[in-house]
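One structure below.
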Amino acid sequence: MRKNKFAQIVKATPEVYTPFAPVGMSVVHGVRLVELLYSRAGFKFTATSLPGHLIHLVVSGHVRQEMNGRWHDLHAGDAVWYHEDELVRGKVLKGPWRFYTCNFIAPTLSPPPFEHRVWRVGMRPRAQFESLLQAWSDTDSPPAVREMRVQGRLLELLATVWHEGRGQPYAVDPSARLWWDIETRLREDLSQPISLGLMESLSHRSRATIMRSCVSAVGVTPMRRVKQIRLSLARGLVQRSDLQIKEIADRVGYGRVHEFSRAYRKHFGMSARADRRKGVI
């Protein structure tokens, strides 16, 4: 009986053959935005990050920025990773401030811990971001080709920045620290009833103290902030999951779907169903 040739090769050269584990599904489920943005010196900003993941790479300029109560000085070569509804505010100290940005949906990908959300990168990520932007802007290519190029180049970029990420020092506003600790606990289960009483029991601090800390951290009252967080999570589930609208409402703490629908439309300017129909790459 004739021997299998492949089996002979493996037996003869065992050091060459390695039984690698199979590669699973792509972590990236969709790409919503790739852009190179500009701002002048002196520009002040306050915003919340987009649903899903958001990565910035600073090309030029100097910005003093607060993210989740942590202050960073950003310069050319700094990368920043945002996740879901995060409050960001700051000022451009030296212009022009230019940065690449990419917003993508990756439900199974956990963001880096807060202490590693800002880090220095080399020249390779900048070239990869430029290549990603070119693929994104190439609307003349067939849709399937554009999709594969965008997905492939983003995955290459993620592999690079994830590998290079080390984290930079940051400073936390002492008056806001309490709120960020409470918010981290609340995010663990947004389906539960949330009240100022619950926040008191979690933190063992008074309502007045919690109120002052929350306003210092995010500029709004605790219950308004909880609503922002819930609706941001809801939008991510609307756009990237197959859950029914009622299931999403339950998951983010709305017991009645019509109340959820009303709040969603008021917050995002469209219904949840209309938002779901919007496509991503």
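Following the order of the structure tokens, chains are lettered A, B, ..., residues in each are numbered from 1, and ligands are numbered from 1.
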
Against segment 261-280 of chain A, which residues of segment 58-125 of chain A fall within 12 Å? For each one I want the closest pair of atoms and the distance in Å (one decimal), counting only C-alpha atoms, rows by chain and increasing residue number, as JSON lines.
```
{"residue": "A:Asn103", "atom": "CA", "partner": "A:Val280", "partner_atom": "CA", "distance": 10.6}
{"residue": "A:Phe104", "atom": "CA", "partner": "A:Val280", "partner_atom": "CA", "distance": 9.0}
{"residue": "A:Ile105", "atom": "CA", "partner": "A:Val280", "partner_atom": "CA", "distance": 9.0}
```

- If you run DSSP on the backbone, which residues of segment 76-181 of chain A are strand (DSSP E or B), as number ranges by chain? A: 78-83, 87-105, 118-120, 171-172

- Query: In Å to one decimal, how far is atom CA of Ile245 of chain A from atom CA of Gly30 of chain A?
  - Reply: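 Atom-to-atom, atom CA of Gly30 of chain A to atom CA of Ile245 of chain A, that is 20.0 Å.
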
- Message: Based on the backbone DSSP call, show me all residues of segment 133-179 of chain A assigned alpha helix (DSSP H), as a PyMOL selection string.
- Response: chain A and resi 133-137+143-164+174-179

Exercise: Arg70 of chain A partners within 12 Å, only C-alpha atoms, chain neighbours under 2 positions left out, as a short mmCIF file (atom, residue, chain, number, x, y, z; two decimals) with C-alpha atoms, in the first residue's frame:
```
data_model
loop_
_atom_site.label_atom_id
_atom_site.label_comp_id
_atom_site.auth_asym_id
_atom_site.auth_seq_id
_atom_site.Cartn_x
_atom_site.Cartn_y
_atom_site.Cartn_z
CA ARG A 64 -4.63 68.71 27.32
CA GLN A 65 -7.54 66.28 27.60
CA GLU A 66 -9.70 64.63 30.27
CA MET A 67 -11.18 61.20 29.65
CA ASN A 68 -13.16 59.42 32.37
CA HIS A 72 -3.53 63.39 29.70
CA ASP A 73 -1.21 65.56 27.63
CA GLU A 86 -17.12 58.23 27.61
CA LEU A 87 -16.99 61.91 28.45
CA VAL A 88 -14.07 63.68 26.78
CA ARG A 89 -13.16 67.34 27.23
CA GLY A 90 -10.05 69.40 26.71
CA PHE A 114 -8.13 52.78 31.87
CA GLU A 115 -4.44 52.99 32.79
CA HIS A 116 -3.51 51.79 29.30
CA ARG A 117 -5.94 53.85 27.19
CA VAL A 118 -3.23 56.33 26.09
CA GLN A 168 1.04 56.71 30.07
CA PRO A 169 0.83 58.50 33.40
CA TYR A 170 -2.39 60.35 34.11
CA ALA A 171 -3.85 62.54 36.85
CA VAL A 172 -7.31 62.12 38.36
CA ASP A 173 -9.35 65.02 39.73
CA PRO A 174 -9.84 64.09 43.43
CA SER A 175 -13.35 65.60 43.49
CA ALA A 176 -14.40 63.38 40.56
CA ARG A 177 -12.79 60.12 41.69
CA TRP A 180 -15.91 57.26 38.50
CA ALA A 217 -16.75 64.49 36.72
CA VAL A 218 -19.25 64.69 33.86
#
```

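Atom CA of Leu133 of chain A is found 11.6 Å from atom CA of Leu37 of chain A.
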
Output as a tab-separated table one row per residue of segment 110-214 of chain A within 10 Å of segment 53-60 of chain A: the closest atom pair and its distance in Å to one decimal place, counting only C-alpha atoms, sorted by chain and residue number ascending.
```
residue	atom	partner	partner_atom	distance
A:Ser110	CA	A:His53	CA	9.2
A:Pro111	CA	A:His53	CA	7.6
A:Arg117	CA	A:Ile55	CA	9.5
A:Val118	CA	A:His56	CA	9.5
A:Trp119	CA	A:Leu57	CA	9.7
A:Arg120	CA	A:Leu57	CA	9.4
A:Val121	CA	A:Leu57	CA	8.7
A:Pro125	CA	A:Leu57	CA	8.3
A:Arg126	CA	A:Leu57	CA	7.3
A:Phe129	CA	A:Leu57	CA	8.2
A:Leu158	CA	A:Ile55	CA	9.3
A:Val161	CA	A:Ile55	CA	9.7
```

Store the residues picked out above, limited to N, CA and C atoms, as an mmCIF file, in the first residue's frame.
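Final output, selection04.cif:
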```cif
data_model
loop_
_atom_site.group_PDB
_atom_site.id
_atom_site.type_symbol
_atom_site.label_atom_id
_atom_site.label_comp_id
_atom_site.auth_asym_id
_atom_site.auth_seq_id
_atom_site.Cartn_x
_atom_site.Cartn_y
_atom_site.Cartn_z
ATOM 1 N N SER A 110 -12.617 43.458 24.369
ATOM 2 C CA SER A 110 -12.607 44.327 25.541
ATOM 3 C C SER A 110 -11.588 45.435 25.342
ATOM 4 N N PRO A 111 -11.928 46.671 25.738
ATOM 5 C CA PRO A 111 -10.961 47.765 25.597
ATOM 6 C C PRO A 111 -9.835 47.593 26.595
ATOM 7 N N ARG A 117 -5.145 53.308 28.290
ATOM 8 C CA ARG A 117 -5.938 53.846 27.185
ATOM 9 C C ARG A 117 -5.172 54.863 26.334
ATOM 10 N N VAL A 118 -4.059 55.379 26.838
ATOM 11 C CA VAL A 118 -3.231 56.330 26.087
ATOM 12 C C VAL A 118 -1.802 55.803 26.082
ATOM 13 N N TRP A 119 -1.196 55.729 24.900
ATOM 14 C CA TRP A 119 0.156 55.207 24.836
ATOM 15 C C TRP A 119 0.873 55.728 23.601
ATOM 16 N N ARG A 120 2.196 55.634 23.627
ATOM 17 C CA ARG A 120 3.038 56.071 22.510
ATOM 18 C C ARG A 120 3.166 54.940 21.504
ATOM 19 N N VAL A 121 3.139 55.302 20.234
ATOM 20 C CA VAL A 121 3.314 54.307 19.177
ATOM 21 C C VAL A 121 4.399 54.790 18.222
ATOM 22 N N PRO A 125 2.052 52.405 13.009
ATOM 23 C CA PRO A 125 0.606 52.651 13.103
ATOM 24 C C PRO A 125 0.136 53.845 12.272
ATOM 25 N N ARG A 126 0.965 54.878 12.163
ATOM 26 C CA ARG A 126 0.564 56.028 11.345
ATOM 27 C C ARG A 126 0.428 55.618 9.878
ATOM 28 N N PHE A 129 -2.729 53.609 9.585
ATOM 29 C CA PHE A 129 -3.919 54.448 9.619
ATOM 30 C C PHE A 129 -4.133 55.122 8.260
ATOM 31 N N LEU A 158 -5.032 47.231 14.543
ATOM 32 C CA LEU A 158 -5.346 46.819 15.913
ATOM 33 C C LEU A 158 -4.269 45.896 16.479
ATOM 34 N N VAL A 161 -1.265 48.295 17.395
ATOM 35 C CA VAL A 161 -1.412 49.189 18.546
ATOM 36 C C VAL A 161 -1.645 48.400 19.827
#
```

Need to verify the contact set: Val34 of chain A, 8 Å, only C-alpha atoms, exclusion of same-chain residues closer than 4 positions in sequence. Can you return it as a short mmCIF file (atom, residue, chain, number, x, y, z; two decimals) with N, CA and C atoms, in the first residue's frame?
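Wrote it out as result32.cif, contents follow:
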```cif
data_model
loop_
_atom_site.label_atom_id
_atom_site.label_comp_id
_atom_site.auth_asym_id
_atom_site.auth_seq_id
_atom_site.Cartn_x
_atom_site.Cartn_y
_atom_site.Cartn_z
N TYR A 100 -5.87 61.04 13.35
CA TYR A 100 -6.67 60.02 12.68
C TYR A 100 -7.69 59.49 13.68
N THR A 101 -8.85 59.11 13.18
CA THR A 101 -9.87 58.51 14.04
C THR A 101 -10.53 57.35 13.33
N CYS A 102 -10.86 56.31 14.07
CA CYS A 102 -11.57 55.16 13.52
C CYS A 102 -12.57 54.66 14.55
N ASN A 103 -13.83 54.58 14.16
CA ASN A 103 -14.90 54.06 15.01
C ASN A 103 -15.34 52.71 14.45
N LEU A 132 -5.49 52.59 5.95
CA LEU A 132 -6.89 52.34 6.29
C LEU A 132 -7.78 53.45 5.75
N LEU A 133 -7.35 54.70 5.90
CA LEU A 133 -8.13 55.83 5.39
C LEU A 133 -8.27 55.77 3.87
N TRP A 136 -10.85 53.16 3.09
CA TRP A 136 -12.17 53.68 3.45
C TRP A 136 -12.70 54.67 2.41
#
```

- Given only C-alpha atoms as the counted atoms, nearest of A:Gly95, A:Glu156, A:Arg230, A:Gln151 to Leu33 of chain A: A:Gln151

Skip Ile229 of chain A itself and residues of its chain fewer than 3 positions away, then list as a short mmCIF file (atom, residue, chain, number, x, y, z; two decimals) with C-alpha atoms, in the first residue's frame all residues within 12 Å of it, counting only C-alpha atoms.
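For reference, part-v5.cif as written:
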```cif
data_model
loop_
_atom_site.label_atom_id
_atom_site.label_comp_id
_atom_site.auth_asym_id
_atom_site.auth_seq_id
_atom_site.Cartn_x
_atom_site.Cartn_y
_atom_site.Cartn_z
CA THR A 48 -18.97 61.84 24.35
CA SER A 49 -17.31 59.07 22.38
CA LEU A 50 -19.28 57.07 19.84
CA PRO A 51 -20.90 53.67 20.50
CA HIS A 83 -15.07 52.68 24.47
CA GLU A 84 -18.81 53.40 24.43
CA ASP A 85 -20.16 56.55 26.07
CA GLU A 86 -17.12 58.23 27.61
CA LEU A 87 -16.99 61.91 28.45
CA GLU A 183 -20.05 54.55 37.60
CA THR A 184 -17.75 51.57 37.18
CA LEU A 186 -23.17 50.67 37.98
CA ARG A 187 -21.99 49.64 34.51
CA GLU A 188 -21.68 46.05 35.73
CA ASP A 189 -25.49 45.64 35.55
CA LEU A 190 -27.49 48.42 33.92
CA SER A 191 -30.64 46.27 33.90
CA ILE A 194 -30.67 52.43 39.76
CA VAL A 218 -19.25 64.69 33.86
CA PRO A 222 -26.10 61.30 38.59
CA MET A 223 -29.45 60.14 37.18
CA ARG A 224 -28.94 62.08 33.94
CA ARG A 225 -25.54 60.43 33.57
CA VAL A 226 -27.09 56.99 34.15
CA SER A 232 -25.32 54.58 24.76
CA LEU A 233 -25.28 50.85 25.56
CA ALA A 234 -28.70 50.51 23.96
CA ARG A 235 -27.46 52.13 20.77
CA GLY A 236 -24.55 49.74 20.59
CA VAL A 252 -30.55 48.64 29.83
CA GLY A 253 -33.14 49.03 32.57
CA TYR A 264 -34.12 56.76 22.44
CA HIS A 267 -31.63 61.33 22.68
#
```

- For Phe43 of chain A, please output as a PyMOL selection string all residues within 12 Å (counting only C-alpha atoms; exclusion window: fewer than 2 positions along the same chain). chain A and resi 38-41+45-46+61-65+89-97

- Message: Could you tell me how far atom CA of Pro112 of chain A sits from atom CA of Pro22 of chain A, in Å to one decimal place?
- Response: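 Distance reported for this atom pair: 24.7 Å.
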
- Within 10 Å of segment 196-198 of chain A, counting only C-alpha atoms, which residues show up once you throw out same-chain ones fewer than 4 positions away? Write them as a PyMOL selection string, please. chain A and resi 182+186+202-204+206-208+210-211+222-223
